[in-house]
Structures are given as C-alpha cells and as structure tokens.
Amino acid sequence: MSARARPYTAALAARFQLTLQYRAAALAGFATQLWWGGLKVMIYAAFFASAPAAAARAPISLADTITYTWIAQAFLVLQPWWADPEVGQAVRTGGVGYDRLRPVDTYGFWYARALAWMLARVAPRAVLMAATAAVIVPLLGLHEWSWRPPAGLAAGLAFVVSLGLAALLSAAIIMLLNVLVAATLNERGVNTLAMPVTILFSGNIIPLALYPEAFQPWLLAQPFAGVLDIPCRIYFGGLAGDGIWLGLGLQAFWTVTFVLIGRAALSRVMARLQVQGG
Amino acid sequence: MSGAALVMKLFGASIRAQMQYPASAAMLTLGQFLATVLEIVGVWALFDRFGQIRGWSLGEVCVFYGLVNIAFSFADLVTRGFDIFGSEFVKTGAFDRVLLRPRSTVLQLVGHEFRLSRFGRTAQGLGVLVLGVQLSGAHWSVVDTGLALFAIAGGMALFAGLVVLQATLAFWTVESLEVANVLTYGGVQAAHYPLSIYATWFRRFLTFVVPIACVAYYPVVAILDRADPTGAPAWVGPAAPLAGFAFLAVSLWAWRFGVGRYTSTGS
C-alpha cells in the first residue's frame with residue numbers, strides 16, 4: 001500500500017473496528033429490520049394474490065419483490081440516511097480544528113471515516129439477515145417468503161460489484177450532507193430533509209419498478225437508485241446483459257459527480273469556516 | 001395544585017422552551033409531516049398497480065392508516081419522558097431526584113416534554129383520514145365520529161402503555177431498549193393496512209398479546225360498515241378499544257412494580 005493512502009486506510013480501519021463494538025445496537029437493528037421485512041413481505045403477498053392479472057403484468061414478480069425486500073432490510077444502513085454524527089459533533093465542539101490541522105486531505109479523511117462507519121454497521125446486520133431470511137425462513141417451511149439466490153453466477157458477481165459501488169456512492173452522498181452540516185452547524189435540519197428523500201428514491205418504501213411506468217426511466221437514472229435499487233435489479237436479473245453495465249455505469253457516474261461536487265463545496269466551506277468552542 | 005393542573009403547567013413550560021427556537025420547531029414538524037407523507041406515496045403506487053388488497057380499496061386503507069397515525073401521534077406527544085427513561089433517568093441517576101419529589105413518577109415523566117413536532121404526524125394522519133373518507137364514499141355518521149374518537153383514545157392508551165413497558169424494562173437493563181420500537185413504530189406500520197390481510201398467527205398476536213387490532217382494526221371495520229372478513233361478530237368493533245385502556249392499566253401496574261425494584265446507579 002502506498003504511503004500516501006496510509007492515513008486514510010488507517011482512519012477507515014480504526015472507525016470500522018470501533019463501530020463494530022456496538023453489538024447491542026446491531027442486534028436491535030436486526031430485530032427491527034426483521035419485523036419490518038416480514039411485514040412488507042406479507043403486504044406484498046396480499047397485493048399480488050389480490051389481483052392476479054395485475055400481478056402477471058407487474059415488472060417484477062412476487063418472489064423477486066420479496067428478495068428485494070430482504071436485501072433492502074439487510075443493507076438498510078448502507079444507505080445515506082444521515083450525515084456522519086461525528087462531523088456534526090466536530091463542527092459544534094470545535095473539534096473540526098484538529099481535522100484541519102492534520103496533514104491529510106479533509107475530504108478524503110472524512111470520506112474514509114464515513115465509509116467505515118457505514119460498513120461496520122452494515123456487516124453484522126447483513127450477515128444476520130441473510131442467515132435468517134435465506135436459511136432459517138425456508139427451513140421453517142416458508143419457502144415462498146424467503147430470500148432467493150441470485151439469477152445466476154454472473155448476476156451474483158455483478159451484484160457484489162454493484163454493492164461495492166453502492167457503498168462508495170452512499171459515502172459520497174453522506175459527504176454532501178456532511179458539507180451541509182459544516183456549513184449550517186446543525187445536523188438536525190439536514191437529516192430531517194435527507195431521510196425522506198433517501199427512503200423514497202432508493203427503493204426503500206417499495207421497489208422502484210413498482211411505481212407507475214411513466215416514471216420508470218427517470219427513477220432509474222436518479223442518483224438514489226444506485227444505493228439500493230440497481231444492486232437489487234442486478235441480483236434478480238431485472239438488469240441483465242448490457243443492463244448490468246448501464247446500472248454499474250450509473251452508479252459510477254453519480255459517485256464521481258458527487259465526489260467532485262463534495263470536494264469543491266467542502267473547500268469553499270472550509271475557507272470560511274469559523275471554529276466553534278473555547 | 002391538582003395533578004392535571006401541574007401537568008398543564010409542565011406542558012406550558014415545555015412548549016415555551018421549544019418556541020424559543022421557532023425555526024427548529026417548524027422544521028422538525030415539517031420533517032415529521034414529510035417523512036410520513038412519503039410513506040403514503042408507496043401505498044398509493046401499490047394500489048395504482050394492483051387496484052385492491054384482499055377486497056379493501058385505497059380509500060378504506062386510508063381510513064385505517066389515518067386513524068392509527070393520529071392515535072400514535074397523540075401518544076408520542078406526551079410519552080417522551082418514558083421513551084428516553086433508560087438513558088436519561090436510570091443511567092444518569094436522575095430518577096433519584098424524581099423519586100424525591102412529592103408527586104407521582106408517572107405525572108413527572110409525562111410532564112417531562114410535550115413534543116410539538118409530533119403534530120406533523122397528526123396532520124398527516126388527519127389528511128389521510130379525510131382523503132380516505134372521501135375516496136371510500138363511506139357514510140360517516142355522528143356515531144362513527146364517536147367511535148373514531150374512542151378508537152383514537154384507546155390507541156393512544158395502548159401506545160402509551162407500550163412506551164411505559166419499554167421504560168419499565170430499563171429498571172433492569174439500565175439502557176433504553178430500542179428493540180421495543182418494533183412494537184410501537186412496527187405496530188403502527190402493521191396497522192396501516194387492515195389486519196385481515198396478514199397471516200393468522202400474526203393477527204392473533206396483534207389481537208391478544210399486543211392488542212393493536214382492537215384499537216386500529218375492529219373499530220374501523222365498524223366505522224366502514226363492513227362485515228369483518230375474519231369473522232368477528234358486530235359487537236366487537238365498538239367494544240374493542242377498551243383493550244387499549246386495559247393494556248395501559250397493566251403497563252402502569254408493571255411500572256409500579258419496577259419502581260419498587262429500582263436501585264440507583266448514581267454516586
């Protein structure tokens with residue numbers, strides 16, 4: 001590993017290990033997400049069973065919708081719900097002054113920390129959810145409510161790549177929120193507005209494919225699709241062949257765009273930053 | 001001073017405190033409103049595609065959805081003290097001070113905060129309810145209004161009871177257990193749809209263990225003048241919300257037991 005990257009990987013590793021210590025939080029999160037997932041599965045099953053004709057026309061099947069639901073619950077904290085709470089704390093307490101004094105690029109440093117914070121929270125939840133929805137639920141005889149395997153080997157591999165891009169994109173969006181927090185010195189307002197946008201446009205409320213047809217091209221192209229919807233579509237084969245490249249390309253495009261915007265905005269904010277505290 | 005007057009005084013102080021930051025209060029309320037409004041977008045999209053869910057129309061589902069949200073928002077207004085009880089009262093030892101005052105613990109914790117921002121959810125629930133009544137074309141009589149208010153009161157009691165139980169657990173666990181949110185927020189989420197769409201075991205759990213069905217399903221079936229698809233007799237609807245009050249009574253009994261077992265963590 002090159003010496004230039006070392007401070008960032010060290011920041012990532014340290015935050016990852018620290019966040020991983022919160023086992024009770026991970027268990028509580030898992031229990032909540034299991035309840036939510038089970039509820040949604042029952043609701044989808046009822047909708048699909050109520051209207052067989054509409055269900056046959058639906059762009060994704062019930063089995064795929066259920067798998068999508070479990071993936072969404074497993075990777076819930078991989079989505080950009082909030083600004084990094086430690087950035088909010090740093091700008092309010094004046095701790096941001098230390099970050100500015102470090103001989104590293106502040107954007108890169110915060111980005112690495114945000115990524116680690118997300119990954120460490122998602123890892124235990126995703127493992128527990130996969131074990132439950134993909135293994136235990138079928139063993140209980142609820143096969144039709146379970147998390148199914150991917151559409152094929154290629155889909156599975158592309159899903160892993162897409163999930164990685166989703167993490168990078170999500171961290172880039174969190175960095176935009178962090179910049180807003182640093183500019184406004186207040187995370188509450190930023191989080192209040194970020195959460196509804198994320199929940200709606202990532203596909204968390206319902207899979208984006210189930211919204212009316214007229215919105216579909218726009219829904220796929222907007223950036224939040226990249227944090228959940230695109231990986232899911234690749235997983236069950238909704239995006240296959242060239243579609244996979246389109247999905248991955250969209251994720252990469254939005255990631256690069258947001259990193260560039262975030263960097264520029266952060267340097268402007270930092271030029272005018274007043275360090276709080278005393 | 002009577003208990004009710006004291007609670008009103010505490011609420012007044014809490015409201016004045018929040019109004020010191022009017023922009024923040026307005027934004028939090030707006031955020032609550034937006035977050036809950038977006039949920040309904042998903043419901044609308046599913047009905048747009050599938051038309052109905054097990055014989056229930058969008059309008060009817062909106063009536064279920066609106067009523068349970070109103071009930072929950074009212075419970076949420078006054079139970080903040082119990083919500084944060086573990087982390088801010090037990091862990092810090094602040095509950096010692098509460099015990100020293102010559103007033104009941106429940107009264108003091110209810111008076112802890114009156115969360116204005118929760119009116120965002122009330123507004124959304126009310127909007128969805130009105131929309132639901134319009135869309136479903138349900139005949140809405142004076143009796144229905146009374147039943148709706150009774151269901152809301154029962155629901156408020158039930159959700160308050162759940163938060164009190166969650167706080168009671170903190171006497172043993174010290175930290176607030178967020179897992180209990182599964183039953184409050186998760187229960188509201190479940191009750192957004194008529195409970196007849198769920199699996200039987202799940203419906204039984206929500207009727208006999210945590211009686212959300214009694215405050216958010218059976219009375220609404222009666223309001224909508226529908227026969228219950230799960231086969232409950234007609235008298236159940238108007239009587240069922242009583243279960244919410246019974247649940248709160250049991251929770252308060254458990255709370256008193258917990259207070260008796262309290263050992264301070266303070267130094």
# chains A, B, ... in the order shown; residues from 1 in each chain; ligands from 1
$ interface_residues --of "chain B" --to "chain A" --cutoff "8 Å" --atoms "only C-alpha atoms" --output "PyMOL selection string"
chain B and resi 24+27-28+31-32+34-35+38-39+42+45-46+48-55+177-179+181-182+186+190+197-199
$ write_last_selection --atoms "N, CA and C atoms" --output "mmCIF file, in the first residue's frame"
data_model
loop_
_atom_site.group_PDB
_atom_site.id
_atom_site.type_symbol
_atom_site.label_atom_id
_atom_site.label_comp_id
_atom_site.auth_asym_id
_atom_site.auth_seq_id
_atom_site.Cartn_x
_atom_site.Cartn_y
_atom_site.Cartn_z
ATOM 1 N N SER B 24 -36.452 25.865 14.289
ATOM 2 C CA SER B 24 -36.135 24.462 14.526
ATOM 3 C C SER B 24 -37.411 23.650 14.759
ATOM 4 N N MET B 27 -39.234 23.223 11.499
ATOM 5 C CA MET B 27 -38.577 22.303 10.584
ATOM 6 C C MET B 27 -38.774 20.859 11.028
ATOM 7 N N LEU B 28 -38.693 20.608 12.346
ATOM 8 C CA LEU B 28 -38.892 19.249 12.837
ATOM 9 C C LEU B 28 -40.311 18.772 12.554
ATOM 10 N N GLY B 31 -40.552 18.043 8.972
ATOM 11 C CA GLY B 31 -39.857 16.794 8.689
ATOM 12 C C GLY B 31 -40.717 15.592 9.024
ATOM 13 N N GLN B 32 -41.373 15.627 10.190
ATOM 14 C CA GLN B 32 -42.285 14.565 10.596
ATOM 15 C C GLN B 32 -43.396 14.398 9.573
ATOM 16 N N LEU B 34 -43.390 15.381 6.338
ATOM 17 C CA LEU B 34 -42.870 14.883 5.057
ATOM 18 C C LEU B 34 -42.579 13.393 5.117
ATOM 19 N N ALA B 35 -41.895 12.971 6.206
ATOM 20 C CA ALA B 35 -41.498 11.573 6.312
ATOM 21 C C ALA B 35 -42.728 10.677 6.280
ATOM 22 N N LEU B 38 -44.524 10.685 2.719
ATOM 23 C CA LEU B 38 -43.887 9.871 1.688
ATOM 24 C C LEU B 38 -44.269 8.404 1.801
ATOM 25 N N GLU B 39 -44.520 7.956 3.041
ATOM 26 C CA GLU B 39 -44.947 6.569 3.210
ATOM 27 C C GLU B 39 -46.206 6.289 2.397
ATOM 28 N N GLY B 42 -45.943 5.265 -1.309
ATOM 29 C CA GLY B 42 -45.763 3.849 -1.599
ATOM 30 C C GLY B 42 -47.098 3.114 -1.621
ATOM 31 N N ALA B 45 -48.884 3.957 -4.821
ATOM 32 C CA ALA B 45 -48.312 3.307 -6.007
ATOM 33 C C ALA B 45 -48.746 1.846 -6.084
ATOM 34 N N LEU B 46 -48.819 1.166 -4.941
ATOM 35 C CA LEU B 46 -49.226 -0.237 -4.951
ATOM 36 C C LEU B 46 -50.693 -0.378 -5.362
ATOM 37 N N ASP B 48 -52.273 1.786 -7.225
ATOM 38 C CA ASP B 48 -52.319 2.167 -8.628
ATOM 39 C C ASP B 48 -52.056 0.941 -9.508
ATOM 40 N N ARG B 49 -51.173 0.062 -9.048
ATOM 41 C CA ARG B 49 -50.824 -1.113 -9.844
ATOM 42 C C ARG B 49 -51.787 -2.266 -9.627
ATOM 43 N N PHE B 50 -52.176 -2.522 -8.358
ATOM 44 C CA PHE B 50 -52.942 -3.736 -8.054
ATOM 45 C C PHE B 50 -54.433 -3.487 -7.828
ATOM 46 N N GLY B 51 -54.828 -2.239 -7.615
ATOM 47 C CA GLY B 51 -56.257 -1.944 -7.508
ATOM 48 C C GLY B 51 -56.856 -2.138 -6.132
ATOM 49 N N GLN B 52 -56.578 -3.288 -5.493
ATOM 50 C CA GLN B 52 -57.160 -3.551 -4.170
ATOM 51 C C GLN B 52 -56.292 -4.554 -3.430
ATOM 52 N N ILE B 53 -56.498 -4.639 -2.115
ATOM 53 C CA ILE B 53 -55.769 -5.636 -1.332
ATOM 54 C C ILE B 53 -56.778 -6.450 -0.529
ATOM 55 N N ARG B 54 -56.935 -7.695 -0.929
ATOM 56 C CA ARG B 54 -57.874 -8.627 -0.284
ATOM 57 C C ARG B 54 -59.247 -7.986 -0.084
ATOM 58 N N GLY B 55 -59.710 -7.287 -1.121
ATOM 59 C CA GLY B 55 -61.057 -6.738 -1.078
ATOM 60 C C GLY B 55 -61.161 -5.358 -0.453
ATOM 61 N N LEU B 177 -34.111 0.192 25.745
ATOM 62 C CA LEU B 177 -34.063 -0.873 24.746
ATOM 63 C C LEU B 177 -34.802 -0.424 23.494
ATOM 64 N N GLU B 178 -34.044 -0.174 22.427
ATOM 65 C CA GLU B 178 -34.705 0.308 21.220
ATOM 66 C C GLU B 178 -35.466 -0.783 20.504
ATOM 67 N N VAL B 179 -35.225 -2.019 20.907
ATOM 68 C CA VAL B 179 -35.962 -3.127 20.312
ATOM 69 C C VAL B 179 -37.467 -2.924 20.497
ATOM 70 N N ASN B 181 -39.085 -0.443 19.971
ATOM 71 C CA ASN B 181 -39.636 0.305 18.842
ATOM 72 C C ASN B 181 -40.320 -0.602 17.831
ATOM 73 N N VAL B 182 -39.907 -1.869 17.829
ATOM 74 C CA VAL B 182 -40.541 -2.829 16.930
ATOM 75 C C VAL B 182 -42.046 -2.841 17.188
ATOM 76 N N GLY B 186 -43.346 -0.342 14.719
ATOM 77 C CA GLY B 186 -43.681 -1.515 13.919
ATOM 78 C C GLY B 186 -45.164 -1.837 13.992
ATOM 79 N N ALA B 190 -47.787 -1.961 10.933
ATOM 80 C CA ALA B 190 -48.653 -3.107 10.656
ATOM 81 C C ALA B 190 -50.100 -2.653 10.513
ATOM 82 N N ILE B 197 -55.397 -8.821 6.289
ATOM 83 C CA ILE B 197 -54.544 -9.286 5.188
ATOM 84 C C ILE B 197 -53.381 -10.141 5.683
ATOM 85 N N TYR B 198 -53.118 -10.152 6.994
ATOM 86 C CA TYR B 198 -51.930 -10.844 7.488
ATOM 87 C C TYR B 198 -52.217 -12.307 7.801
ATOM 88 N N ALA B 199 -51.134 -13.037 8.031
ATOM 89 C CA ALA B 199 -51.245 -14.443 8.418
ATOM 90 C C ALA B 199 -51.957 -14.535 9.766
#
$ residues_around --residues "region 73-85 of chain B" --least-positions-apart "4" --cutoff "7 Å" --atoms "only C-alpha atoms" --output "count of residues only"
21
$ residues_around --residues "region 98-107 of chain A" --least-positions-apart "5" --cutoff "10 Å" --atoms "only C-alpha atoms" --output "PyMOL selection string"
chain A and resi 4-5+7-8+87+90+112-113+172+175+178-179+259+262-264+266-267+270+275
$ select_by_dssp --residues "region 36-274 of chain A" --states "alpha helix (DSSP H)" --output "VMD selection string"
chain A and resid 36 to 50 52 to 57 62 to 74 85 to 93 96 to 101 106 to 130 137 to 139 153 to 184 187 to 201 216 to 221 229 to 236 242 to 272
$ residues_around --residues "Ala148 (chain B)" --least-positions-apart "6" --cutoff "9 Å" --atoms "only C-alpha atoms" --output "PDB file with N, CA and C atoms, in the first residue's frame"
ATOM      1  N   LEU B  67     -56.322   6.823  11.046  1.00  0.00           N
ATOM      2  CA  LEU B  67     -56.703   6.723  12.456  1.00  0.00           C
ATOM      3  C   LEU B  67     -55.550   6.263  13.332  1.00  0.00           C
ATOM      4  N   PRO B 219     -62.585  -1.488  15.374  1.00  0.00           N
ATOM      5  CA  PRO B 219     -63.470  -0.311  15.334  1.00  0.00           C
ATOM      6  C   PRO B 219     -63.582   0.297  13.934  1.00  0.00           C
ATOM      7  N   VAL B 220     -62.507   0.231  13.150  1.00  0.00           N
ATOM      8  CA  VAL B 220     -62.552   0.819  11.807  1.00  0.00           C
ATOM      9  C   VAL B 220     -63.446  -0.008  10.891  1.00  0.00           C
ATOM     10  N   ILE B 223     -66.736   1.278  11.592  1.00  0.00           N
ATOM     11  CA  ILE B 223     -66.934   2.610  11.019  1.00  0.00           C
ATOM     12  C   ILE B 223     -67.226   2.514   9.524  1.00  0.00           C
TER      13      ILE B 223
END
$ closest_residue --among "A:Val135, A:Val160, A:Leu220, A:Ala83" --to "Leu177 (chain A)" --atoms "only C-alpha atoms"
A:Ala83
$ closest_residue --among "B:Leu248, B:Ala170, B:Met1, B:Val37" --to "Phe95 (chain B)" --atoms "only C-alpha atoms"
B:Ala170
$ atom_distance --atom1 "CA of Phe109 (chain A)" --atom2 "CA of Leu78 (chain A)"
18.8 Å
